[in-house]
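S.K.: Just dropping this structure here.
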Amino acid sequence: MRPFEYVAADDIASATRAASADHATRFVAGGTTLIDLMKLEVETPSRLVDINRLARRDPSLAAITELPNGGLRIGALVRNSDLAWNDLVRTRYPVLSQAVLAGASGQIRNMATTGGNLLQRTRCYYFRDTAMPCNKREPGSGCSALHGHHRIHAVLGTSDHCIATSPGDMPVAMNALDAVVRLRGPAGERAVPVTAFHVTPGAHPEVETVLRHGEMITAVDLPPLPFAARSHYRKVRDRASFAFALASAAVALDIGNGRIRDARVALGGVATKPWRAHEAERVLKGHAPGTALFRSAAEAELRHAVPHPENAFKIELAKRTMVRALSTVAAMG
Ligand SMILES: Cc1cc2nc3c(=O)[nH]c(=O)nc-3n(C[C@H](O)[C@H](O)[C@H](O)COP(=O)(O)OP(=O)(O)OC[C@H]3O[C@@H](n4cnc5c(N)ncnc54)[C@H](O)[C@@H]3O)c2cc1C
Ligand code: SF4
């Protein structure tokens, strides 16, 4: 047991001040990622700043509210279950509701928060085993997965330093929807498109997002996107529930006069960050929907995929998952 200090913050300013004090301080929300990693000694914070009480002072942190532009603001402390079952989310952005419900279990979703979900860590076996070298956990120590087991690892956005998969479902749907992450820290507030929030590992796998030390996620904004009412999340995994994605696709299509006017596609389970499929979107736009077109879009997106011996199957799996998700949305009429 490693001792650590526990602080329950009452307002955002004191929370971010407390979190900025030293680099070994962590916010804790639902605790479903962080406490797990502390038990494994992968995370060894000197201090936990509990942010659950913040909603007493600022209820918007735990609320889903309509924005004047027709979008939605999701407070960082909104539990995954409340997000998934919210009527506005289910009708306007079904892809997001489906992605959240495809993740974890009912009990975990009741605890897990929107902010924490965006910051969940990879399930790479070696990252979670402190006896093994891992560049993400211990920069410069090496990557055990590259020449070890890597069936669940990424084929897109990888580097010679890390091939760990970004594990989340919710962030994939948020990427397809062009959501915006709202942050508050000691230096003030800023907003970052979710597509730029997570970063690929490059030479620094320990850096996973653009979040600065002491900064807190306060909300995620969903822009208005009427055609997202025709959207879908498909997840392929080893078990039908309570398992991370081997491949997943979040898709929304705007179809009119027999053509795809606009398309949103993002992939999960196959990349080092939630993967916006811009190449696929380019192929889809302006053309009549159909299986051949969907296959071409998938081929274009996976053209640069880098397989390793155990995870090469993911390339074809990702293509088929994308094609199925696109076909489902196209059939919605
Ligand atoms: C057995 C199991 C199965 C799972 N299966 C899936 C799955 O299939 N799909 C899936 O997507 N997820 C899955 N998860 C992950 C789950 O979704 C995450 O653990 C959860 O969303 C994290 O949210 P939390 O509030 O509990 O985060 P916490 O554990 O409280 O925090 C996680 C990280 O985020 C930071 N943090 C939290 N809130 C904020 C904030 N507002 N601002 C800044 N930093 C913050 C913390 O410091 C910590 O580093 C699974 C988890 C478990 C344990
Ligand atoms: S893939 Fe990344 S997380 Fe896994 S062992 Fe290699 S460096 Fe660590």
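Here, A, B, ... name the chains of the structure tokens in the order displayed, residue numbers run from 1 inside each chain, and ligands are numbered from 1 in the same displayed order.
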Taking only residues of chain A that have an atom at most 12 Å from an atom of ligand 2, what is each one's shortest atom pair and its distance in Å to one decimal, using only C-alpha atoms and all ligand atoms, in chain and number order, as a tab-separated table?
M.R.:
```
residue	atom	partner	partner_atom_place_in_ligand_line	distance
A:Val42	CA	ligand 2	3 (S)	11.3
A:Arg121	CA	ligand 2	3 (S)	9.0
A:Thr122	CA	ligand 2	3 (S)	6.7
A:Arg123	CA	ligand 2	3 (S)	7.9
A:Cys124	CA	ligand 2	4 (Fe)	4.7
A:Tyr125	CA	ligand 2	4 (Fe)	6.7
A:Tyr126	CA	ligand 2	5 (S)	4.6
A:Phe127	CA	ligand 2	3 (S)	4.6
A:Arg128	CA	ligand 2	3 (S)	8.1
A:Asp129	CA	ligand 2	5 (S)	9.1
A:Thr130	CA	ligand 2	5 (S)	10.3
A:Ala131	CA	ligand 2	5 (S)	11.1
A:Met132	CA	ligand 2	5 (S)	7.7
A:Pro133	CA	ligand 2	5 (S)	6.5
A:Cys134	CA	ligand 2	8 (Fe)	3.6
A:Asn135	CA	ligand 2	7 (S)	4.1
A:Lys136	CA	ligand 2	7 (S)	4.7
A:Arg137	CA	ligand 2	8 (Fe)	6.4
A:Glu138	CA	ligand 2	8 (Fe)	8.1
A:Pro139	CA	ligand 2	7 (S)	8.2
A:Gly140	CA	ligand 2	7 (S)	9.1
A:Ser141	CA	ligand 2	7 (S)	8.5
A:Gly142	CA	ligand 2	7 (S)	6.5
A:Cys143	CA	ligand 2	6 (Fe)	3.6
A:Ser144	CA	ligand 2	5 (S)	4.5
A:Ala145	CA	ligand 2	5 (S)	4.7
A:Leu146	CA	ligand 2	6 (Fe)	6.3
A:His147	CA	ligand 2	6 (Fe)	9.2
A:Gly148	CA	ligand 2	5 (S)	8.7
A:His149	CA	ligand 2	5 (S)	9.4
A:His150	CA	ligand 2	1 (S)	7.8
A:Arg151	CA	ligand 2	1 (S)	10.9
A:Ile152	CA	ligand 2	1 (S)	9.9
A:His153	CA	ligand 2	1 (S)	7.1
A:Ala154	CA	ligand 2	1 (S)	8.4
A:Val155	CA	ligand 2	1 (S)	11.2
A:Gly157	CA	ligand 2	1 (S)	11.7
A:Thr158	CA	ligand 2	1 (S)	8.7
A:Ser159	CA	ligand 2	2 (Fe)	9.1
A:Asp160	CA	ligand 2	7 (S)	8.9
A:His161	CA	ligand 2	7 (S)	5.7
A:Cys162	CA	ligand 2	2 (Fe)	3.8
A:Ile163	CA	ligand 2	1 (S)	4.1
A:Ala164	CA	ligand 2	1 (S)	3.9
A:Thr165	CA	ligand 2	1 (S)	7.6
A:Ser166	CA	ligand 2	3 (S)	9.8
A:Pro167	CA	ligand 2	3 (S)	11.5
A:Thr200	CA	ligand 2	2 (Fe)	10.9
A:Pro201	CA	ligand 2	2 (Fe)	8.1
A:Gly202	CA	ligand 2	7 (S)	10.5
A:Ala203	CA	ligand 2	7 (S)	9.9
A:His204	CA	ligand 2	7 (S)	9.1
A:Pro205	CA	ligand 2	7 (S)	6.4
A:Glu206	CA	ligand 2	7 (S)	8.2
A:Val207	CA	ligand 2	2 (Fe)	11.0
A:Glu208	CA	ligand 2	3 (S)	10.8
A:Ala271	CA	ligand 2	1 (S)	11.3
A:Thr272	CA	ligand 2	2 (Fe)	9.0
A:Lys273	CA	ligand 2	2 (Fe)	12.0
A:His308	CA	ligand 2	1 (S)	11.6
```
S.K.: Distance limit 7 Å, reference ligand 1, atoms considered: only C-alpha atoms and all ligand atoms. Which residues make the cut? Give them as a ChimeraX atom specification.
M.R.: /A:26-36,76-77,100,102-105,108-109,111-120,167-170,215-218,242-245
S.K.: Show which residues sit within 8 Å of Ala84 in chain A, as a list in words. Count only C-alpha atoms, and ignore same-chain residues fewer than 5 positions away.
M.R.: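 Counting only C-alpha atoms, the residues come to Val89, Arg90, Leu96, Ser97, Gln98, Val100 and Leu101 of chain A.
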S.K.: Using N, CA and C atoms, can you export the residues from the last selection as a PDB file, in the first residue's frame?
M.R.:
```pdb
ATOM      1  N   VAL A  89     -29.873  12.832 -26.409  1.00  0.00           N
ATOM      2  CA  VAL A  89     -28.722  12.127 -26.988  1.00  0.00           C
ATOM      3  C   VAL A  89     -29.223  10.952 -27.834  1.00  0.00           C
ATOM      4  N   ARG A  90     -30.187  10.220 -27.312  1.00  0.00           N
ATOM      5  CA  ARG A  90     -30.671   9.029 -28.037  1.00  0.00           C
ATOM      6  C   ARG A  90     -31.322   9.398 -29.361  1.00  0.00           C
ATOM      7  N   LEU A  96     -23.758   8.073 -30.345  1.00  0.00           N
ATOM      8  CA  LEU A  96     -23.085   8.294 -29.066  1.00  0.00           C
ATOM      9  C   LEU A  96     -23.708   7.417 -27.981  1.00  0.00           C
ATOM     10  N   SER A  97     -25.022   7.375 -27.957  1.00  0.00           N
ATOM     11  CA  SER A  97     -25.700   6.526 -26.970  1.00  0.00           C
ATOM     12  C   SER A  97     -25.280   5.066 -27.164  1.00  0.00           C
ATOM     13  N   GLN A  98     -25.265   4.615 -28.428  1.00  0.00           N
ATOM     14  CA  GLN A  98     -24.906   3.213 -28.706  1.00  0.00           C
ATOM     15  C   GLN A  98     -23.445   2.916 -28.330  1.00  0.00           C
ATOM     16  N   VAL A 100     -21.627   4.385 -25.986  1.00  0.00           N
ATOM     17  CA  VAL A 100     -21.471   4.315 -24.528  1.00  0.00           C
ATOM     18  C   VAL A 100     -22.019   2.980 -24.017  1.00  0.00           C
ATOM     19  N   LEU A 101     -23.185   2.585 -24.534  1.00  0.00           N
ATOM     20  CA  LEU A 101     -23.786   1.325 -24.065  1.00  0.00           C
ATOM     21  C   LEU A 101     -22.986   0.101 -24.498  1.00  0.00           C
TER      22      LEU A 101
END
```
S.K.: Among range 74-242 of chain A, which ones does DSSP assign to helix (DSSP H, G or I) (computed from the backbone)? Answer as a PyMOL selection string.
M.R.: chain A and resi 80-85+87-92+94-101+106-111+114-118+170-176+194-197+226-229
S.K.: Using only C-alpha atoms, pick whichever of A:Gly185, A:Pro224, A:Pro59, A:Pro3 has the shortest atom-to-atom distance to Val78 in chain A.
M.R.: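 Among the listed residues, A:Pro59 lies closest to Val78 in chain A.
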S.K.: To one decimal place, how far is CA of Leu48 in chain A from CA of Leu183 in chain A in Å?
M.R.: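 Separation between CA of Leu48 in chain A and CA of Leu183 in chain A: 18.8 Å.
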S.K.: Let me make sure I understand: among A:Asn86, A:Val323, A:Gly106, A:Arg184, which one has the smallest atom-to-atom distance to Asp11 in chain A if we use only C-alpha atoms?
M.R.: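 Smallest separation from Asp11 in chain A among the options: A:Arg184.
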